[in-house]
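Asks: Structure file final_21.cif (mmCIF, C-alpha atoms) right here:
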data_coords
#
loop_
_atom_site.label_atom_id
_atom_site.label_comp_id
_atom_site.auth_asym_id
_atom_site.auth_seq_id
_atom_site.Cartn_x
_atom_site.Cartn_y
_atom_site.Cartn_z
CA MET A 1 -21.29 -5.58 -3.70
CA ALA A 2 -20.87 -1.98 -2.48
CA ARG A 3 -19.20 0.50 -4.80
CA LEU A 4 -15.57 -0.56 -5.22
CA GLU A 5 -13.16 2.09 -3.99
CA LEU A 6 -10.26 2.75 -6.35
CA GLY A 7 -6.97 4.03 -4.98
CA LEU A 8 -3.34 4.52 -5.88
CA ASP A 9 -0.12 3.53 -4.14
CA THR A 10 3.44 4.75 -4.67
CA PHE A 11 6.68 3.73 -3.03
CA GLY A 12 8.25 7.02 -4.03
CA ASP A 13 10.46 5.32 -6.59
CA VAL A 14 13.33 7.52 -7.78
CA THR A 15 12.22 8.28 -11.32
CA ALA A 16 14.17 9.21 -14.44
CA GLY A 17 14.27 12.80 -15.63
CA PRO A 18 14.04 14.00 -19.25
CA ASP A 19 17.72 13.17 -19.79
CA GLY A 20 17.31 9.66 -18.38
CA ALA A 21 19.28 10.44 -15.22
CA PRO A 22 17.67 9.88 -11.81
CA LEU A 23 15.84 12.89 -10.43
CA PRO A 24 17.02 14.26 -7.06
CA TYR A 25 15.07 13.10 -4.04
CA ASP A 26 13.52 16.49 -3.35
CA GLN A 27 12.02 16.67 -6.84
CA VAL A 28 10.69 13.12 -6.60
CA ILE A 29 8.91 14.00 -3.36
CA ARG A 30 7.38 17.17 -4.82
CA ASN A 31 6.24 15.13 -7.83
CA ILE A 32 4.50 12.67 -5.49
CA VAL A 33 2.51 15.55 -4.02
CA ASP A 34 1.48 16.62 -7.53
CA GLN A 35 0.46 13.05 -8.35
CA ALA A 36 -1.77 12.92 -5.29
CA VAL A 37 -3.34 16.29 -6.11
CA LEU A 38 -4.29 14.94 -9.55
CA ALA A 39 -5.74 11.80 -7.97
CA ASP A 40 -7.88 13.97 -5.69
CA GLU A 41 -9.10 16.08 -8.60
CA LEU A 42 -10.13 12.88 -10.40
CA GLY A 43 -12.23 11.72 -7.45
CA LEU A 44 -10.16 8.66 -6.54
CA ALA A 45 -10.69 7.21 -3.07
CA PHE A 46 -7.22 6.71 -1.64
CA PHE A 47 -3.57 7.67 -2.09
CA GLY A 48 -0.96 5.57 -0.30
CA VAL A 49 2.74 6.30 0.16
CA GLY A 50 5.20 3.56 1.09
CA GLU A 51 8.02 3.69 3.62
CA HIS A 52 11.55 2.69 2.59
CA HIS A 53 15.08 3.36 3.76
CA ARG A 54 17.17 2.72 0.65
CA ASP A 55 18.58 4.73 -2.24
CA ASP A 56 16.07 3.74 -4.94
CA PHE A 57 13.09 5.17 -3.01
CA ALA A 58 12.70 8.79 -1.90
CA VAL A 59 10.24 8.47 0.99
CA SER A 60 11.37 7.43 4.46
CA ALA A 61 8.83 9.60 6.33
CA PRO A 62 5.51 9.07 4.52
CA GLU A 63 3.42 10.92 7.11
CA VAL A 64 5.28 14.16 6.30
CA VAL A 65 4.58 13.73 2.59
CA LEU A 66 0.96 12.87 3.34
CA ALA A 67 0.58 16.01 5.45
CA ALA A 68 1.84 18.07 2.52
CA ILE A 69 -0.69 16.31 0.28
CA ALA A 70 -3.46 16.94 2.82
CA SER A 71 -2.84 20.69 2.55
CA ARG A 72 -3.51 20.60 -1.21
CA THR A 73 -6.41 18.11 -1.38
CA THR A 74 -9.96 18.01 -0.10
CA GLN A 75 -11.49 14.54 -0.51
CA ILE A 76 -9.02 11.73 -1.07
CA HIS A 77 -8.12 9.51 1.87
CA LEU A 78 -4.42 9.40 2.68
CA GLY A 79 -2.34 6.59 4.12
CA THR A 80 0.69 4.39 3.93
CA ALA A 81 1.57 1.41 1.79
CA VAL A 82 2.77 0.21 4.29
CA THR A 83 4.00 1.50 7.65
CA VAL A 84 6.74 -0.90 8.74
CA LEU A 85 5.47 -1.32 12.29
CA SER A 86 8.13 -3.87 13.23
CA SER A 87 10.86 -1.21 13.16
CA ASP A 88 8.83 1.71 14.51
CA ASP A 89 7.27 2.66 17.83
CA PRO A 90 3.51 1.99 17.87
CA ILE A 91 2.83 4.99 20.09
CA ARG A 92 4.69 7.37 17.76
CA VAL A 93 2.95 5.82 14.74
CA TYR A 94 -0.45 6.37 16.32
CA GLU A 95 0.40 9.94 17.33
CA ARG A 96 1.61 10.77 13.81
CA PHE A 97 -1.50 9.38 12.16
CA ALA A 98 -3.83 11.02 14.67
CA THR A 99 -2.08 14.28 13.77
CA LEU A 100 -2.43 13.57 10.04
CA ASP A 101 -6.10 12.83 10.64
CA ALA A 102 -6.52 16.28 12.18
CA VAL A 103 -4.60 18.03 9.39
CA SER A 104 -6.59 16.23 6.69
CA GLY A 105 -10.02 16.60 8.29
CA GLY A 106 -10.49 12.92 9.08
CA ARG A 107 -8.96 11.43 5.92
CA ALA A 108 -6.03 9.52 7.46
CA GLU A 109 -5.61 5.75 7.18
CA VAL A 110 -2.69 3.55 8.16
CA ILE A 111 -1.84 0.19 6.62
CA LEU A 112 0.38 -1.72 9.03
CA GLY A 113 2.74 -4.40 7.78
CA ARG A 114 6.17 -5.93 7.95
CA GLY A 115 7.26 -4.40 4.65
CA SER A 116 9.03 -6.28 1.87
CA PHE A 117 12.48 -4.86 2.71
CA THR A 118 14.51 -5.16 5.89
CA GLU A 119 16.87 -2.14 5.75
CA SER A 120 15.02 -0.44 8.60
CA PHE A 121 16.02 -3.15 11.10
CA PRO A 122 19.79 -2.52 11.21
CA LEU A 123 19.19 1.21 10.67
CA PHE A 124 17.19 1.43 13.90
CA GLY A 125 19.27 -1.12 15.80
CA LEU A 126 16.77 -3.97 15.72
CA ASP A 127 17.48 -7.68 15.56
CA LEU A 128 16.11 -9.42 12.47
CA GLY A 129 16.09 -12.57 14.57
CA GLN A 130 13.08 -11.03 16.37
CA TYR A 131 11.23 -10.37 13.10
CA GLU A 132 8.02 -12.15 14.09
CA GLU A 133 8.11 -11.18 17.76
CA LEU A 134 8.58 -7.48 16.98
CA PHE A 135 5.61 -7.29 14.64
CA SER A 136 3.29 -9.37 16.83
CA GLU A 137 3.93 -7.41 20.01
CA LYS A 138 3.88 -3.98 18.37
CA LEU A 139 0.65 -4.78 16.56
CA ASP A 140 -0.91 -5.85 19.84
CA LEU A 141 0.06 -2.52 21.41
CA PHE A 142 -1.18 -0.55 18.41
CA ALA A 143 -4.52 -2.36 18.59
CA ALA A 144 -4.84 -1.32 22.24
CA LEU A 145 -4.09 2.31 21.37
CA ARG A 146 -6.94 2.45 18.84
CA SER A 147 -9.51 2.86 21.62
CA GLU A 148 -7.93 6.24 22.45
CA GLY A 149 -8.81 5.63 26.08
CA PRO A 150 -6.46 5.00 28.99
CA VAL A 151 -4.25 2.09 27.93
CA THR A 152 -2.91 -0.54 30.29
CA TRP A 153 -0.72 -2.98 28.38
CA GLN A 154 2.27 -5.22 28.96
CA GLY A 155 4.63 -7.01 26.60
CA THR A 156 8.20 -8.31 26.66
CA LEU A 157 10.08 -5.86 24.40
CA ARG A 158 9.27 -2.54 26.13
CA PRO A 159 8.14 -1.25 29.53
CA PRO A 160 4.42 -1.62 30.28
CA LEU A 161 1.80 1.12 30.04
CA VAL A 162 -0.50 1.82 32.98
CA ASP A 163 -3.60 3.98 32.40
CA GLN A 164 -1.68 5.92 29.74
CA HIS A 165 -3.39 8.38 27.38
CA ILE A 166 -2.09 9.08 23.87
CA PHE A 167 -2.55 12.47 22.20
CA PRO A 168 -3.99 13.96 20.07
CA LYS A 169 -7.36 12.29 20.14
CA THR A 170 -9.08 11.99 16.78
CA ALA A 171 -12.48 13.45 15.94
CA ALA A 172 -13.80 9.98 15.02
CA GLY A 173 -12.36 8.31 18.11
CA THR A 174 -9.87 6.11 16.25
CA VAL A 175 -7.57 5.96 13.22
CA THR A 176 -8.71 3.76 10.34
CA THR A 177 -6.26 0.86 10.38
CA TRP A 178 -5.67 -1.92 7.84
CA ILE A 179 -3.28 -4.85 8.04
CA GLY A 180 -1.20 -5.51 4.94
CA VAL A 181 -0.74 -9.21 4.22
CA GLY A 182 1.47 -10.92 1.67
CA GLY A 183 -0.27 -14.26 1.83
CA SER A 184 0.15 -16.15 5.10
CA PRO A 185 -2.94 -17.68 6.74
CA GLU A 186 -1.67 -16.66 10.18
CA SER A 187 -1.56 -12.99 9.15
CA VAL A 188 -5.07 -13.20 7.69
CA ILE A 189 -6.47 -14.64 10.90
CA ARG A 190 -4.60 -12.06 12.97
CA ALA A 191 -6.24 -9.23 10.98
CA ALA A 192 -9.65 -10.77 11.75
CA ARG A 193 -8.80 -11.23 15.42
CA TYR A 194 -7.93 -7.54 15.81
CA GLY A 195 -10.95 -6.46 13.79
CA MET A 196 -8.90 -4.64 11.15
CA PRO A 197 -9.62 -4.54 7.40
CA LEU A 198 -7.39 -6.76 5.24
CA MET A 199 -5.14 -5.45 2.47
CA LEU A 200 -3.74 -8.22 0.27
CA ALA A 201 -0.47 -7.39 -1.49
CA ILE A 202 -0.70 -9.29 -4.79
CA ILE A 203 2.55 -8.55 -6.58
CA GLY A 204 3.15 -11.89 -8.24
CA GLY A 205 1.32 -15.02 -9.30
CA PRO A 206 -2.36 -15.34 -10.21
CA PRO A 207 -4.72 -13.26 -8.04
CA ALA A 208 -6.96 -16.34 -7.98
CA GLN A 209 -4.47 -17.91 -5.56
CA PHE A 210 -5.54 -15.33 -2.97
CA ALA A 211 -9.23 -16.28 -3.04
CA PRO A 212 -8.76 -18.78 -0.17
CA TYR A 213 -7.26 -16.00 1.98
CA ALA A 214 -10.25 -13.75 1.37
CA GLN A 215 -12.56 -16.61 2.28
CA LEU A 216 -10.50 -17.47 5.36
CA TYR A 217 -10.71 -13.85 6.53
CA ARG A 218 -14.49 -13.78 6.19
CA GLN A 219 -14.85 -17.11 7.98
CA ALA A 220 -12.59 -15.97 10.81
CA LEU A 221 -14.60 -12.76 11.26
CA GLU A 222 -17.81 -14.77 11.41
CA GLN A 223 -16.42 -17.25 13.92
CA LEU A 224 -15.12 -14.39 16.08
CA GLY A 225 -18.55 -12.73 16.01
CA ARG A 226 -17.22 -9.66 14.23
CA PRO A 227 -19.06 -7.69 11.53
CA ARG A 228 -18.03 -7.83 7.88
CA LEU A 229 -14.89 -5.76 7.26
CA PRO A 230 -13.37 -4.50 4.00
CA ILE A 231 -10.88 -6.44 1.90
CA GLY A 232 -8.55 -4.59 -0.41
CA VAL A 233 -5.85 -5.48 -2.92
CA HIS A 234 -2.61 -3.69 -3.74
CA SER A 235 -1.11 -4.64 -7.14
CA PRO A 236 1.37 -3.06 -9.55
CA GLY A 237 0.39 -1.70 -12.94
CA HIS A 238 0.47 1.05 -15.53
CA VAL A 239 -2.18 2.56 -17.80
CA ALA A 240 -1.55 4.03 -21.26
CA ASP A 241 -3.67 4.64 -24.33
CA THR A 242 -3.09 1.16 -25.77
CA ASP A 243 -1.98 -2.22 -24.45
CA GLU A 244 1.20 -2.14 -26.53
CA GLN A 245 2.12 1.36 -25.39
CA ALA A 246 1.54 0.53 -21.72
CA ARG A 247 3.69 -2.60 -21.86
CA GLU A 248 6.49 -0.96 -23.82
CA GLU A 249 6.56 2.00 -21.42
CA LEU A 250 6.55 -0.17 -18.32
CA TRP A 251 8.81 -3.09 -19.22
CA PRO A 252 12.31 -1.49 -19.21
CA HIS A 253 11.75 0.24 -15.86
CA PHE A 254 9.96 -2.76 -14.36
CA ALA A 255 12.80 -5.04 -15.48
CA VAL A 256 15.60 -2.91 -14.02
CA GLN A 257 13.84 -2.67 -10.65
CA ARG A 258 13.07 -6.39 -10.49
CA GLU A 259 16.61 -7.27 -11.55
CA ARG A 260 18.11 -5.20 -8.74
CA ILE A 261 15.80 -6.66 -6.12
CA GLY A 262 16.41 -10.11 -7.57
CA ARG A 263 20.17 -9.76 -7.18
CA GLU A 264 19.68 -8.83 -3.54
CA ARG A 265 17.41 -11.81 -2.90
CA GLY A 266 18.94 -14.46 -5.13
CA TRP A 267 16.24 -14.47 -7.79
CA PRO A 268 17.00 -15.14 -11.48
CA PRO A 269 16.87 -12.12 -13.83
CA PRO A 270 13.36 -11.26 -15.04
CA THR A 271 12.42 -12.19 -18.60
CA ARG A 272 10.05 -10.55 -21.04
CA GLU A 273 8.07 -13.79 -21.19
CA GLU A 274 7.50 -13.68 -17.44
CA PHE A 275 6.45 -10.05 -17.68
CA GLU A 276 3.97 -10.80 -20.46
CA ALA A 277 2.49 -13.62 -18.39
CA ALA A 278 2.14 -11.31 -15.37
CA ALA A 279 0.52 -8.71 -17.62
CA GLY A 280 -1.95 -11.24 -19.03
CA PRO A 281 -5.49 -11.84 -17.76
CA GLU A 282 -4.38 -14.31 -15.06
CA GLY A 283 -1.36 -12.34 -13.82
CA ALA A 284 -0.79 -9.83 -11.05
CA VAL A 285 0.36 -6.82 -13.11
CA HIS A 286 -2.48 -4.51 -14.19
CA VAL A 287 -0.94 -3.00 -17.32
CA GLY A 288 -2.61 -1.94 -20.55
CA SER A 289 -5.26 0.31 -22.01
CA PRO A 290 -8.04 1.60 -19.74
CA ARG A 291 -10.35 -1.17 -20.98
CA THR A 292 -7.77 -3.91 -20.31
CA VAL A 293 -6.92 -2.63 -16.83
CA ALA A 294 -10.58 -2.13 -15.97
CA ASP A 295 -11.48 -5.66 -17.07
CA LYS A 296 -8.75 -7.11 -14.90
CA ILE A 297 -9.82 -5.09 -11.86
CA ILE A 298 -13.46 -6.11 -12.40
CA ARG A 299 -12.53 -9.78 -12.67
CA ASN A 300 -10.41 -9.75 -9.51
CA ALA A 301 -12.91 -7.65 -7.55
CA ARG A 302 -15.60 -10.25 -8.24
CA LEU A 303 -13.24 -13.15 -7.62
CA LEU A 304 -12.06 -11.90 -4.24
CA GLY A 305 -15.10 -9.88 -3.16
CA LEU A 306 -13.11 -6.66 -2.92
CA ASP A 307 -14.06 -3.38 -1.33
CA ARG A 308 -10.98 -1.52 -2.56
CA PHE A 309 -8.35 -1.87 -5.25
CA ASP A 310 -5.12 0.16 -5.05
CA LEU A 311 -2.97 0.33 -8.17
CA LYS A 312 0.73 0.57 -7.34
CA PHE A 313 1.37 2.98 -10.20
CA SER A 314 5.02 3.84 -9.52
CA ASN A 315 7.37 1.32 -11.08
CA GLY A 316 11.08 1.90 -10.76
CA THR A 317 12.40 4.77 -12.86
CA LEU A 318 9.23 5.17 -14.97
CA PRO A 319 9.17 8.97 -15.52
CA HIS A 320 6.85 11.41 -13.82
CA ASP A 321 5.02 12.43 -16.99
CA LYS A 322 4.14 8.78 -17.71
CA LEU A 323 2.92 8.39 -14.12
CA MET A 324 0.71 11.45 -14.42
CA ARG A 325 -0.80 10.16 -17.66
CA SER A 326 -1.39 6.77 -16.03
CA ILE A 327 -3.19 8.43 -13.11
CA GLU A 328 -5.30 10.52 -15.48
CA LEU A 329 -6.42 7.48 -17.49
CA TYR A 330 -7.04 5.49 -14.29
CA GLY A 331 -9.29 8.20 -12.89
CA ARG A 332 -11.03 9.37 -16.06
CA GLU A 333 -11.48 6.08 -17.93
CA VAL A 334 -10.70 3.03 -15.79
CA ALA A 335 -12.78 4.12 -12.79
CA PRO A 336 -16.03 4.72 -14.74
CA LEU A 337 -15.67 1.39 -16.55
CA VAL A 338 -15.16 -0.45 -13.26
CA HIS A 339 -18.02 1.29 -11.49
CA ASP A 340 -20.41 0.77 -14.40
CA ALA A 341 -19.65 -2.96 -14.48
CA LEU A 342 -19.89 -3.50 -10.73
CA GLY A 343 -22.93 -1.31 -10.19
#
Represent the structure of the file as C-alpha cells.
Replies:
Amino acid sequence: MARLELGLDTFGDVTAGPDGAPLPYDQVIRNIVDQAVLADELGLAFFGVGEHHRDDFAVSAPEVVLAAIASRTTQIHLGTAVTVLSSDDPIRVYERFATLDAVSGGRAEVILGRGSFTESFPLFGLDLGQYEELFSEKLDLFAALRSEGPVTWQGTLRPPLVDQHIFPKTAAGTVTTWIGVGGSPESVIRAARYGMPLMLAIIGGPPAQFAPYAQLYRQALEQLGRPRLPIGVHSPGHVADTDEQAREELWPHFAVQRERIGRERGWPPPTREEFEAAAGPEGAVHVGSPRTVADKIIRNARLLGLDRFDLKFSNGTLPHDKLMRSIELYGREVAPLVHDALG
C-alpha cells in the first residue's frame, strides 16, 4: 500500500463561542481559514470544505474560502466536501476550480456529489423530482470538460455545446476530480466509468459494510480497462488527549446536531448508547485519544485498501479551540502512528 494520505473535512458548522452562544458567520469562516493554516503547518495532505445553504453551516461558497486558505498555505491540497453538482452549473464549477488551481499553484481538488441536504434545490429553482437526472447529466458534462479541449456535448436539461472552450486552462491540463458516494452500487460503478477516484462517505454503520463497494470499484475499473485509481473515506470524529475526554467533548454537540437533522428527516432522537457504539472499534465515528483514532484509521485503511482518509473534524457547535486541538493531535500524533503502521 502506498503512503496513506490524511486529510481533514469541515462543513463550516456554526460553532459555540466562549459564552456558549453561536459565533457569527464571519468569525466562523475566518476560523476555518485558521484551521486550514494549522493543517498545512502540520503537513496534512488535504483540507476539504463543504457546501451548505442553511443556518447551521457558514459556508455556501466553499471556493471563496478555499482561495483565502490558498493565500496562507503552501502545501496542502484544497477541495470541497462536497460540491453539490446537481444544483450548480458544471461549467461554472469547472471554471471556479480551475481558478482555484491557479491561485493555489496546482493544489485544487473537487469532490462532486449530491450532498446530504436538499436546500439548494428550491433555492436555485430546481425540481427535486429530477434529483437523479440532474446529477447524471451534469456529471456527464463535467466529465467532458475535464479534457480542457473543445467540448461538443448534448443533454436534455440545457442547450448543447459545440466546440466550446472553457477558461482558464489549468497548468496540469485538468482538475483533480473525485466522486463522493454514500453507498449505492450504481454510484460506485459510475465513478469507475468516468475514471474518477472514489470518496466513500462513511458516517454511520460499520465501515466493514463498505468493503464490497471498494471491491466493486476495483473490479469495475479492471473490466473497463482503466488503471487503478484512489479510494478515500470521509468519516466524522474528534481527537483529544484521552478517550474519555474526546467522547465527553464531542457527545453534547454531536447529539444536538443529530437531533436537529433527525427531526427534519423523521429519525428517532440519538442516544448515548448509539453514540458509544459508533465510537467503538466497529463504528463509523473516529473519536478518542491519538492512539485510539490511529488504530481505527489503520484498521479501516487495511480493510478497504484506502489511499486517503479525511476526518470530518467539525461537529455541530463544538468550539473552535477544541477543533484546533483536535487538528493538532491529528497532525502531530495520529498521522505518525498511522504512517508507521502502514509503512
Asks: Got a sec: who's within 6 Å of stretch 70-83 of chain A, counting all atoms listed in the file, leaving out chain neighbours fewer than 3 positions off, as a list in words?
Replies: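 Those residues are Val37, Asp40, Ala45, Phe46, Phe47, Gly48, Val49, Gly50, Ala67, Ser104, Arg107, Ala108, Glu109, Val110, Ile111, Leu112 and Gly113 of chain A.
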Asks: Rank nothing, just name the residue among A:Ala278, A:Ile69, A:Leu221, A:Pro227 nearest to A:Ala39, using only C-alpha atoms.
Replies: A:Ile69
Asks: Taking the file above as input, evaluate the PyMOL selection byres ((chain A and resi 154-156) around 9) and report the hits as a PyMOL selection string.
Replies: chain A and resi 137-138+140-141+152-153+157-162
Asks: Expand the PyMOL selection byres ((chain A and resi 243) around 12) into the individual residues it matches in the shown file, reporting them as JSON, numbers by chain.
Replies: {"A": [237, 238, 239, 240, 241, 242, 244, 245, 246, 247, 248, 249, 250, 276, 279, 280, 286, 287, 288, 289, 290, 291, 292, 293]}
Asks: Name every residue that the PyMOL selection byres ((chain A and resi 343) around 10) selects in this structure, writing the answer as an MDAnalysis selection string with chains first and numbers rising.
Replies: chainID A and resid 1:4 338:342
Asks: So that I can see what lies close to A:Ala191, please list as a VMD selection string the residues with an atom at most 8 Å from it, counting only C-alpha atoms and leaving out residues fewer than 5 positions away in the same chain.
Replies: chain A and resid 178 to 179 196 to 198 217
Asks: Excluding A:Leu216 and any residue of its chain fewer than 3 positions from it, enumerate the residues within 8 Å of it, using all atoms listed in the file, and give them as a PyMOL selection string.
Replies: chain A and resi 185+188-189+212-213+219-220
Asks: Counting only C-alpha atoms, which residues come within 6 Å of (15.1, 5.6, -9.3), with the point read in the file's coordinates, and could you list them as a list of chain:residue names?
Replies: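 The residues near that point, listed by chain and number, are A:Asp13, A:Val14, A:Thr15, A:Pro22, A:Asp56, A:Gly316, A:Thr317.
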Asks: Which residues, written as a VMD selection string, have at least one atom at most 10 Å from A:Pro268, with all atoms listed in the file counted and residues fewer than 6 positions away on the same chain left out?
Replies: chain A and resid 258 to 259 262
Asks: Atoms to include: C-alpha atoms. Write the selected residues as a short mmCIF file (atom, residue, chain, number, x, y, z; two decimals), keeping the file's coordinate frame.
Replies:
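Resulting contents of selection.cif:
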data_model
loop_
_atom_site.label_atom_id
_atom_site.label_comp_id
_atom_site.auth_asym_id
_atom_site.auth_seq_id
_atom_site.Cartn_x
_atom_site.Cartn_y
_atom_site.Cartn_z
CA ARG A 258 13.07 -6.39 -10.49
CA GLU A 259 16.61 -7.27 -11.55
CA GLY A 262 16.41 -10.11 -7.57
#
Asks: Find the residue from A:Ser187, A:Ile297, A:Gln223, A:Gly115 that sits nearest to A:Pro336; use all atoms listed in the file when measuring.
Replies: A:Ile297
